[in-house]
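Below is one structure; the comments refer to it alone.
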Amino acid sequence: MAVHHLPLDREEQLLPLDQRRAGVAGHGGPVLPLLWQELVERRGWSVEQLWQALSWGPAALLGLEPEALEPGSQRWLLFDPHHSWRCEASASPSRAANQPWLGRPLSGRILASGLTAPGRWLL
């Protein structure tokens, strides 16, 4: 399983959606639940293996200083692998057409993160 997501620079963000580079848009909600289902539940990865692959592994691959969790850091998230929900267009800020999970039920959801305002947490 892979996520083809390309970050946009400020200039690209000003372009109409149909003129931006190809890649999955509006994938913030379903990506972690889908990776969890495939890698942890189906393939037997441990939680530690998943976080290593997603969080610390890329920095090591690129020769960058690894992230460190510190008190007061905003680099955290609260994920509930059993939270059932449906991926709806109203929940996605993106109007892009390449959102294959729209309308489909999912299990697992990020309920809160340090990068999201507390008023938007799903707790």
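Chain identifiers are assigned as A, B, and so on, following the order in which chains appear in the structure tokens; residues are numbered from 1 within each chain, and ligands are numbered from 1 in order of appearance.
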Next item on the list: Please provide as number ranges by chain all residues within 12 Å of Leu122 (chain A), with the sequence filter that same-chain residues fewer than 6 positions apart are discarded (counting only C-alpha atoms).
Entry: A: 77-80, 83, 85, 91, 109-113, 116
Selection from above, N, CA and C atoms, as an mmCIF file, in the first residue's frame, can you write it?
```
data_model
loop_
_atom_site.group_PDB
_atom_site.id
_atom_site.type_symbol
_atom_site.label_atom_id
_atom_site.label_comp_id
_atom_site.auth_asym_id
_atom_site.auth_seq_id
_atom_site.Cartn_x
_atom_site.Cartn_y
_atom_site.Cartn_z
ATOM 1 N N LEU A 77 -0.561 12.603 18.059
ATOM 2 C CA LEU A 77 -1.927 12.369 17.623
ATOM 3 C C LEU A 77 -2.544 11.270 18.472
ATOM 4 N N LEU A 78 -3.848 11.290 18.553
ATOM 5 C CA LEU A 78 -4.624 10.284 19.265
ATOM 6 C C LEU A 78 -5.429 9.524 18.215
ATOM 7 N N PHE A 79 -5.093 8.254 18.032
ATOM 8 C CA PHE A 79 -5.720 7.416 17.007
ATOM 9 C C PHE A 79 -6.494 6.291 17.668
ATOM 10 N N ASP A 80 -7.748 6.116 17.276
ATOM 11 C CA ASP A 80 -8.573 5.021 17.769
ATOM 12 C C ASP A 80 -8.806 4.055 16.614
ATOM 13 N N HIS A 83 -12.657 3.129 15.953
ATOM 14 C CA HIS A 83 -13.665 4.165 15.699
ATOM 15 C C HIS A 83 -14.223 3.985 14.280
ATOM 16 N N TRP A 85 -16.544 5.086 11.104
ATOM 17 C CA TRP A 85 -17.061 6.320 10.508
ATOM 18 C C TRP A 85 -17.141 6.153 8.996
ATOM 19 N N ALA A 91 -16.647 16.271 5.245
ATOM 20 C CA ALA A 91 -15.551 16.212 6.214
ATOM 21 C C ALA A 91 -14.213 16.571 5.589
ATOM 22 N N ARG A 109 -9.697 6.106 13.267
ATOM 23 C CA ARG A 109 -9.751 7.545 12.991
ATOM 24 C C ARG A 109 -8.834 8.305 13.934
ATOM 25 N N ILE A 110 -8.224 9.345 13.419
ATOM 26 C CA ILE A 110 -7.455 10.263 14.264
ATOM 27 C C ILE A 110 -8.470 11.141 14.974
ATOM 28 N N LEU A 111 -8.510 11.060 16.298
ATOM 29 C CA LEU A 111 -9.487 11.806 17.079
ATOM 30 C C LEU A 111 -8.992 13.193 17.463
ATOM 31 N N ALA A 112 -7.685 13.336 17.621
ATOM 32 C CA ALA A 112 -7.112 14.625 18.014
ATOM 33 C C ALA A 112 -5.633 14.623 17.649
ATOM 34 N N SER A 113 -5.097 15.812 17.464
ATOM 35 C CA SER A 113 -3.658 15.938 17.234
ATOM 36 C C SER A 113 -3.187 17.285 17.744
ATOM 37 N N THR A 116 -4.003 20.286 15.449
ATOM 38 C CA THR A 116 -5.393 20.642 15.220
ATOM 39 C C THR A 116 -5.932 21.393 16.430
#
```
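Neighbouring residues of Pro105 (chain A) at 8 Å or closer, counting only C-alpha atoms and skipping chain neighbours under 6 positions away, are Ser84, Trp85, Arg86 and Cys87 of chain A.
Interatomic distance, CA of Val31 (chain A) against CA of Ala60 (chain A): 21.8 Å.
Picture a line from CA of Leu32 (chain A) to CA of Gly108 (chain A); it runs 7.7 Å.
The nearest approach to Glu41 (chain A) among the residues A:Pro118, A:Pro66, A:Pro81, A:Pro71, with only C-alpha atoms taken into account, belongs to A:Pro81.
As for CA of Arg75 (chain A) and CA of Gly114 (chain A), they are spaced 5.7 Å apart.
Minimum distance to Glu67 (chain A) across A:Leu115, A:His82, A:Glu11, A:Ser55 (counting only C-alpha atoms) occurs at A:Ser55.
Minimum atom-to-atom distance to Leu34 (chain A), evaluated using only C-alpha atoms, belongs to A:Leu50 out of A:Leu14, A:Leu69, A:Leu64, A:Leu50.
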Checklist line | Residue set, region 49-106 of chain A restricted to alpha helix (DSSP H), as a PyMOL selection string | finding: chain A and resi 49-51+57-62
